[in-house]
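Dropping work.cif in here (mmCIF, C-alpha atoms):
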```
data_run
loop_
_atom_site.label_atom_id
_atom_site.label_comp_id
_atom_site.auth_asym_id
_atom_site.auth_seq_id
_atom_site.Cartn_x
_atom_site.Cartn_y
_atom_site.Cartn_z
CA GLU L 23 -1.85 19.17 -11.49
CA CYS L 24 0.43 16.14 -11.52
CA GLY L 25 -2.13 14.09 -9.56
CA THR L 26 0.15 13.34 -6.60
CA PHE L 27 -0.95 14.64 -3.19
CA ASP L 28 0.80 14.86 0.17
CA HIS L 29 4.12 13.94 -1.37
CA LEU L 30 6.33 16.96 -0.74
CA VAL L 31 9.84 16.01 0.33
CA ALA L 32 12.33 18.41 1.95
CA CYS L 33 15.46 18.19 -0.19
CA GLY L 34 17.27 21.45 0.52
CA PRO L 35 17.65 24.48 -1.72
CA GLY L 36 20.83 23.34 -3.51
CA ILE L 37 24.14 25.18 -3.36
CA GLU L 38 23.93 26.44 -6.94
CA ARG L 39 20.64 28.20 -6.20
CA ILE L 40 22.04 29.75 -3.02
CA ALA L 41 25.18 30.87 -4.86
CA GLU L 42 23.03 32.55 -7.53
CA GLU L 43 21.02 34.41 -4.89
CA ALA L 44 24.19 35.43 -3.03
CA ALA L 45 25.64 36.87 -6.25
CA GLU L 46 22.39 38.74 -6.90
CA HIS L 47 22.24 40.28 -3.43
CA PHE L 48 25.99 40.98 -3.20
CA PRO L 49 27.07 41.79 -6.78
CA GLN L 50 30.50 43.08 -5.73
CA ALA L 51 31.39 39.96 -3.75
CA ARG L 52 33.44 37.06 -5.04
CA VAL L 53 31.09 34.05 -4.64
CA LEU L 54 32.47 30.51 -4.77
CA ALA L 55 30.27 27.38 -4.88
CA LEU L 56 32.02 24.33 -3.45
CA SER L 57 30.85 20.72 -3.86
CA SER L 58 32.57 17.37 -4.40
CA ASP L 59 30.23 16.47 -7.29
CA MET L 60 30.88 19.57 -9.40
CA MET L 61 32.88 19.51 -12.63
CA GLY L 62 36.66 19.42 -12.35
CA GLY L 63 37.05 16.65 -9.80
CA VAL L 64 39.63 16.49 -7.03
CA LYS L 65 42.06 18.91 -8.70
CA ARG L 66 39.48 21.68 -8.95
CA LEU L 67 38.34 21.05 -5.39
CA ARG L 68 41.89 21.33 -4.06
CA LEU L 69 42.49 24.58 -5.92
CA GLU L 70 39.26 26.09 -4.64
CA LEU L 71 40.03 25.10 -1.05
CA GLU L 72 43.43 26.77 -1.39
CA ALA L 73 41.75 29.88 -2.80
CA ILE L 74 39.40 30.05 0.19
CA ALA L 75 42.29 29.66 2.61
CA GLU L 76 44.08 32.56 0.90
CA GLY L 77 41.00 34.78 1.20
CA GLU L 78 40.29 34.89 -2.53
CA ALA L 79 36.54 34.40 -2.00
CA ASP L 80 34.21 36.70 -0.09
CA ILE L 81 31.29 34.26 0.10
CA VAL L 82 31.65 30.47 0.05
CA VAL L 83 28.57 28.33 -0.59
CA GLY L 84 29.23 24.66 0.01
CA THR L 85 28.01 21.26 1.10
CA GLN L 86 29.05 19.69 4.39
CA LEU L 87 32.48 18.86 2.98
CA VAL L 88 33.42 22.45 3.89
CA ALA L 89 33.15 21.42 7.55
CA LYS L 90 35.63 18.55 7.34
CA GLY L 91 38.98 19.55 8.78
CA HIS L 92 39.80 22.61 6.68
CA ASN L 93 41.44 25.77 7.99
CA PHE L 94 40.22 29.07 6.59
CA PRO L 95 42.08 31.80 8.53
CA LYS L 96 40.07 34.69 7.12
CA MET L 97 36.62 33.20 7.56
CA THR L 98 34.69 35.00 10.30
CA LEU L 99 31.03 34.33 9.48
CA VAL L 100 29.38 30.94 8.92
CA GLY L 101 25.72 30.33 8.10
CA VAL L 102 23.95 26.97 7.97
CA VAL L 103 20.81 26.67 5.80
CA ASP L 104 18.11 24.15 6.79
CA ALA L 105 20.21 23.00 9.72
CA ASP L 106 17.55 20.60 11.01
CA LEU L 107 17.01 18.55 7.84
CA GLY L 108 19.18 15.77 9.26
CA LEU L 109 16.99 15.44 12.35
CA SER L 110 14.10 13.92 10.39
CA ASN L 111 15.76 11.15 8.37
CA GLY L 112 14.81 8.22 10.62
CA ASP L 113 18.35 7.64 11.89
CA PRO L 114 18.54 6.88 15.65
CA ARG L 115 21.85 8.76 15.64
CA ALA L 116 20.38 11.79 13.85
CA ALA L 117 20.76 14.14 16.81
CA GLU L 118 24.38 13.10 17.40
CA ARG L 119 25.33 13.51 13.75
CA THR L 120 23.54 16.84 13.40
CA PHE L 121 25.31 18.16 16.51
CA GLN L 122 28.68 16.98 15.20
CA LEU L 123 28.13 18.58 11.80
CA LEU L 124 26.90 21.91 13.18
CA ALA L 125 29.77 22.06 15.66
CA GLN L 126 32.25 21.38 12.86
CA VAL L 127 30.85 23.84 10.33
CA THR L 128 30.35 26.71 12.77
CA GLY L 129 33.85 25.98 14.03
CA ARG L 130 35.28 26.95 10.62
CA ALA L 131 34.94 30.63 11.62
CA GLY L 132 37.32 32.40 13.98
CA ARG L 133 39.80 29.55 14.25
CA PHE L 134 42.72 31.96 14.50
CA GLY L 135 41.41 34.20 17.26
CA GLU L 136 39.41 36.69 15.21
CA GLN L 137 35.92 37.63 16.36
CA SER L 138 33.42 35.44 14.53
CA LEU L 139 29.75 34.55 14.28
CA GLY L 140 27.77 31.44 13.40
CA LEU L 141 24.17 31.71 12.14
CA ILE L 142 21.87 28.66 12.00
CA GLN L 143 18.57 28.52 10.13
CA THR L 144 16.21 26.10 11.88
CA TYR L 145 12.50 25.38 12.17
CA GLN L 146 13.14 23.82 15.59
CA PRO L 147 15.01 26.42 17.68
CA ASP L 148 13.97 24.67 20.92
CA HIS L 149 15.37 21.29 19.85
CA PRO L 150 18.09 20.08 22.28
CA VAL L 151 20.64 20.00 19.44
CA MET L 152 20.04 23.64 18.54
CA GLN L 153 20.00 24.70 22.18
CA ALA L 154 23.31 22.93 22.86
CA ILE L 155 24.96 24.41 19.75
CA ALA L 156 23.78 27.94 20.63
CA ALA L 157 25.08 27.52 24.19
CA GLY L 158 28.29 25.84 23.10
CA ASP L 159 27.54 23.10 25.63
CA ALA L 160 28.59 19.73 24.22
CA GLU L 161 28.52 18.14 27.68
CA ALA L 162 24.83 18.99 28.17
CA PHE L 163 23.99 17.53 24.79
CA TYR L 164 25.89 14.33 25.57
CA GLU L 165 24.20 13.84 28.94
CA ARG L 166 20.72 14.25 27.44
CA GLU L 167 21.43 12.10 24.38
CA ILE L 168 22.97 9.21 26.34
CA ALA L 169 20.03 9.23 28.78
CA GLU L 170 17.55 9.08 25.88
CA ARG L 171 19.39 6.17 24.29
CA GLU L 172 19.53 4.22 27.53
CA ARG L 173 15.80 4.77 28.08
CA SER L 174 15.04 3.55 24.53
CA HIS L 175 17.63 0.72 24.55
CA LEU L 176 19.36 2.20 21.51
CA PRO L 177 23.10 1.79 20.84
CA PRO L 178 25.25 1.51 22.88
CA PHE L 179 22.53 0.10 25.21
CA GLY L 180 20.96 -2.08 22.52
CA ARG L 181 21.53 -3.37 19.00
CA LEU L 182 19.99 -2.65 15.61
CA ALA L 183 19.99 -4.36 12.25
CA GLY L 184 18.53 -3.16 8.99
CA ILE L 185 16.99 -5.31 6.26
CA ILE L 186 16.45 -3.63 2.89
CA VAL L 187 14.22 -5.35 0.32
CA SER L 188 14.41 -3.87 -3.16
CA ALA L 189 12.55 -4.69 -6.38
CA PRO L 190 11.53 -3.08 -9.68
CA THR L 191 8.04 -2.36 -8.32
CA ARG L 192 6.84 -1.09 -4.96
CA GLU L 193 4.34 -3.95 -4.68
CA GLU L 194 7.05 -6.61 -5.09
CA ALA L 195 9.33 -4.99 -2.53
CA MET L 196 6.57 -4.46 0.04
CA GLY L 197 5.13 -7.93 -0.50
CA HIS L 198 8.46 -9.64 0.13
CA ALA L 199 9.20 -7.45 3.16
CA ARG L 200 5.80 -8.26 4.67
CA GLY L 201 6.46 -11.94 4.06
CA LEU L 202 9.67 -11.70 6.07
CA ARG L 203 7.96 -9.79 8.85
CA ALA L 204 5.25 -12.44 9.11
CA VAL L 205 7.74 -15.23 9.88
CA ALA L 206 9.93 -13.32 12.34
CA PRO L 207 10.76 -15.61 15.28
CA ASP L 208 9.07 -14.88 18.62
CA THR L 209 12.28 -14.18 20.51
CA PRO L 210 12.28 -12.37 23.88
CA GLY L 211 14.30 -9.16 23.75
CA ILE L 212 14.10 -8.77 19.96
CA MET L 213 11.40 -7.02 17.92
CA VAL L 214 10.94 -6.18 14.26
CA LEU L 215 9.69 -2.76 13.13
CA GLY L 216 8.20 -2.17 9.71
CA PRO L 217 8.21 -2.73 6.84
CA ALA L 218 8.15 0.85 5.63
CA GLU L 219 9.68 2.77 2.77
CA ALA L 220 13.38 3.40 3.26
CA PRO L 221 14.37 7.10 3.50
CA LEU L 222 15.89 6.61 0.03
CA ALA L 223 12.74 5.01 -1.32
CA MET L 224 14.12 4.46 -4.83
CA VAL L 225 17.69 3.92 -6.02
CA ARG L 226 18.58 3.25 -9.66
CA GLY L 227 14.98 2.47 -10.52
CA ARG L 228 14.49 0.01 -7.66
CA HIS L 229 11.90 0.50 -4.90
CA ARG L 230 13.28 -0.04 -1.37
CA MET L 231 11.48 -1.19 1.79
CA ARG L 232 13.10 -1.41 5.19
CA LEU L 233 12.67 -3.64 8.23
CA LEU L 234 14.44 -2.61 11.43
CA VAL L 235 15.37 -5.30 13.96
CA HIS L 236 15.83 -3.97 17.51
CA GLY L 237 17.36 -6.09 20.25
CA GLU L 238 18.92 -5.97 23.67
CA ARG L 239 22.66 -5.38 23.93
CA ARG L 240 23.51 -9.11 24.05
CA ALA L 241 20.90 -10.19 21.50
CA ASP L 242 22.05 -12.54 18.74
CA LEU L 243 20.65 -10.57 15.82
CA GLN L 244 22.55 -12.64 13.26
CA ALA L 245 20.87 -15.89 14.33
CA PHE L 246 17.47 -14.19 14.51
CA ILE L 247 17.76 -12.80 10.98
CA ARG L 248 19.10 -16.08 9.57
CA ALA L 249 16.03 -17.86 10.92
CA MET L 250 13.70 -15.21 9.49
CA LEU L 251 15.31 -15.36 6.04
CA ALA L 252 15.22 -19.15 6.02
CA ALA L 253 11.52 -19.26 6.92
CA GLY L 254 10.49 -16.34 4.72
CA PRO L 255 9.62 -16.13 1.04
CA LYS L 256 12.33 -17.21 -1.37
CA VAL L 257 14.19 -14.53 -3.27
CA ARG L 258 13.04 -14.76 -6.86
CA GLY L 259 13.31 -12.72 -10.02
CA GLN L 260 14.74 -9.26 -9.46
CA ILE L 261 14.02 -9.05 -5.74
CA ARG L 262 17.09 -8.31 -3.61
CA VAL L 263 17.53 -8.55 0.17
CA GLN L 264 20.37 -6.74 1.99
CA VAL L 265 21.16 -7.14 5.70
CA ASP L 266 23.20 -4.64 7.69
CA ILE L 267 24.08 -5.54 11.30
CA ASP L 268 24.79 -2.56 13.58
CA PRO L 269 24.28 -0.16 10.65
CA GLN L 270 25.94 3.22 10.46
CA SER L 271 23.58 4.44 7.74
CA PHE L 272 19.79 4.20 7.80
CA LEU L 273 19.11 5.41 4.27
#
```
Here is the file; what I need is its structure written in the form of structure tokens.
Amino acid sequence: ECGTFDHLVACGPGIERIAEEAAEHFPQARVLALSSDMMGGVKRLRLELEAIAEGEADIVVGTQLVAKGHNFPKMTLVGVVDADLGLSNGDPRAAERTFQLLAQVTGRAGRFGEQSLGLIQTYQPDHPVMQAIAAGDAEAFYEREIAERERSHLPPFGRLAGIIVSAPTREEAMGHARGLRAVAPDTPGIMVLGPAEAPLAMVRGRHRMRLLVHGERRADLQAFIRAMLAAGPKVRGQIRVQVDIDPQSFL
């Protein structure tokens, strides 16, 4: 009805919705929703974490911050909803980060010797990350992941740089990004991928396009990008160009 086709985006069910359903299915349980962006700020968050540690909540629904270094002695069951969302965000380190997060969050249960269980909801049960988590085999995951990176010349066996072009309209952003791509130097060992929409395609009303520069381990990406920016279209109006060498985020 809205006229937009093929534009569904997986964004997760939201912790408030899950908390509501948990309360509906378990009306006698004490349900606590935990998120850093909820009302009350740091003080409320600290109090709620203390309440969880003391066993004052039967069901805790939270974002990934729950996984970060907290001790909950009475927690014996952990469930992860949409555990594979992070595998499809275009980040070359997606598998590593998903494995780390799942290992951390499932590790919240049974930390003090009590019998515990971790449940993971996934659409890709045969994915190496899910298989390694289910088997508790971090070494097997590492061996496979490092071999894949070496074969693809991804860090630490290669280098990456991201170029984000943003503008008030999609046409402006894409046009400038294509202009940069057209003047990329012909340098052995370095290639430019894109442009394409960034995973976060719009931020604060600005459309974002991404170019990804991929080079060998010793490639001088800084010099390559300087030459491309110098030869490319001039930045005018409200167009913005951001460069991130060896990026940790690909959003």
Pairwise distance for CA of Ala157 in chain L and CA of Pro178 in chain L, rounded to one decimal in Å: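 Value for the CA of Ala157 in chain L-CA of Pro178 in chain L distance: 26.0 Å.
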Nearest-residue call for Arg258 in chain L, choices L:Ala220, L:Ala245, L:Val205, L:Ala195, using all atoms listed in the file: L:Ala195
L:Gly36, L:Gly227, L:Gly184, L:Pro95 ranked by distance to Ser271 in chain L, top pick (using all atoms listed in the file):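 Ranking L:Gly36, L:Gly227, L:Gly184, L:Pro95 by distance to Ser271 in chain L, first place goes to L:Gly184.
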Å distance separating CA of Ile40 in chain L from CA of Leu99 in chain L, one decimal place: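 That distance, rounded to one decimal, is 16.1 Å.
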Which residue of L:Val265, L:Met152, L:Ala51, L:Leu56 approaches Glu78 in chain L most closely, using only C-alpha atoms: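 For Glu78 in chain L, the nearest of the candidates is L:Ala51.
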Atomic distance CA of Ser174 in chain L - CA of Pro210 in chain L, expressed in Å with one decimal: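 Taking CA of Ser174 in chain L and CA of Pro210 in chain L, their separation equals 16.2 Å.
Excluding Ala75 in chain L itself and any same-chain residue fewer than 3 positions from it, the protein and nucleic acid residues within 10 Å of it, counting only C-alpha atoms, are Leu69, Glu70, Leu71, Glu72, Glu78, Ala79, His92, Asn93, Phe94, Pro95, Lys96 and Met97 of chain L.
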Restrict the selected residues to C-alpha atoms and save them as a PDB file, in the coordinates of the input.
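And here is the file that came out, result13.pdb:
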```
ATOM      1  CA  LEU L  69      42.490  24.580  -5.920  1.00  0.00           C
ATOM      2  CA  GLU L  70      39.260  26.090  -4.640  1.00  0.00           C
ATOM      3  CA  LEU L  71      40.030  25.100  -1.050  1.00  0.00           C
ATOM      4  CA  GLU L  72      43.430  26.770  -1.390  1.00  0.00           C
ATOM      5  CA  GLU L  78      40.290  34.890  -2.530  1.00  0.00           C
ATOM      6  CA  ALA L  79      36.540  34.400  -2.000  1.00  0.00           C
ATOM      7  CA  HIS L  92      39.800  22.610   6.680  1.00  0.00           C
ATOM      8  CA  ASN L  93      41.440  25.770   7.990  1.00  0.00           C
ATOM      9  CA  PHE L  94      40.220  29.070   6.590  1.00  0.00           C
ATOM     10  CA  PRO L  95      42.080  31.800   8.530  1.00  0.00           C
ATOM     11  CA  LYS L  96      40.070  34.690   7.120  1.00  0.00           C
ATOM     12  CA  MET L  97      36.620  33.200   7.560  1.00  0.00           C
TER      13      MET L  97
END
```
Neighbour list for range 115-118 of chain L as a PyMOL selection string, cut-off 9 Å, all atoms listed in the file, skip fewer than 5 positions in-chain: chain L and resi 108-110+123+150-151+163-164+167+177+270
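Of the listed residues L:Gln146, L:Gln244, L:Asn111, L:Gln50, the one whose atoms come nearest to Phe272 in chain L is L:Asn111, with distances taken using only C-alpha atoms.
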Atoms added to range 144-160 of chain L (N, CA and C atoms), reported as a CSV table (one decimal), keeping the file's coordinate frame:
```
chain,number,residue,atom,x,y,z
L,144,THR,N,16.9,27.3,11.4
L,144,THR,CA,16.2,26.1,11.9
L,144,THR,C,14.7,26.4,12.1
L,145,TYR,N,13.9,25.3,11.9
L,145,TYR,CA,12.5,25.4,12.2
L,145,TYR,C,12.2,24.9,13.6
L,146,GLN,N,13.3,24.4,14.3
L,146,GLN,CA,13.1,23.8,15.6
L,146,GLN,C,14.1,24.5,16.6
L,147,PRO,N,14.0,25.7,16.8
L,147,PRO,CA,15.0,26.4,17.7
L,147,PRO,C,15.1,25.9,19.1
L,148,ASP,N,14.0,25.2,19.6
L,148,ASP,CA,14.0,24.7,20.9
L,148,ASP,C,14.5,23.2,21.0
L,149,HIS,N,14.9,22.7,19.9
L,149,HIS,CA,15.4,21.3,19.8
L,149,HIS,C,16.7,21.2,20.7
L,150,PRO,N,16.9,20.2,21.5
L,150,PRO,CA,18.1,20.1,22.3
L,150,PRO,C,19.4,20.3,21.5
L,151,VAL,N,19.4,19.8,20.3
L,151,VAL,CA,20.6,20.0,19.4
L,151,VAL,C,20.9,21.5,19.2
L,152,MET,N,19.9,22.2,18.8
L,152,MET,CA,20.0,23.6,18.5
L,152,MET,C,20.4,24.4,19.8
L,153,GLN,N,19.7,24.0,20.9
L,153,GLN,CA,20.0,24.7,22.2
L,153,GLN,C,21.5,24.5,22.6
L,154,ALA,N,21.9,23.2,22.5
L,154,ALA,CA,23.3,22.9,22.9
L,154,ALA,C,24.3,23.6,22.0
L,155,ILE,N,24.0,23.7,20.7
L,155,ILE,CA,25.0,24.4,19.8
L,155,ILE,C,25.0,25.9,20.1
L,156,ALA,N,23.8,26.5,20.3
L,156,ALA,CA,23.8,27.9,20.6
L,156,ALA,C,24.5,28.2,21.9
L,157,ALA,N,24.4,27.3,22.9
L,157,ALA,CA,25.1,27.5,24.2
L,157,ALA,C,26.5,27.1,24.2
L,158,GLY,N,26.9,26.4,23.1
L,158,GLY,CA,28.3,25.8,23.1
L,158,GLY,C,28.5,24.8,24.2
L,159,ASP,N,27.5,24.0,24.5
L,159,ASP,CA,27.5,23.1,25.6
L,159,ASP,C,27.5,21.7,25.1
L,160,ALA,N,28.6,21.1,24.7
L,160,ALA,CA,28.6,19.7,24.2
L,160,ALA,C,28.3,18.7,25.3
```
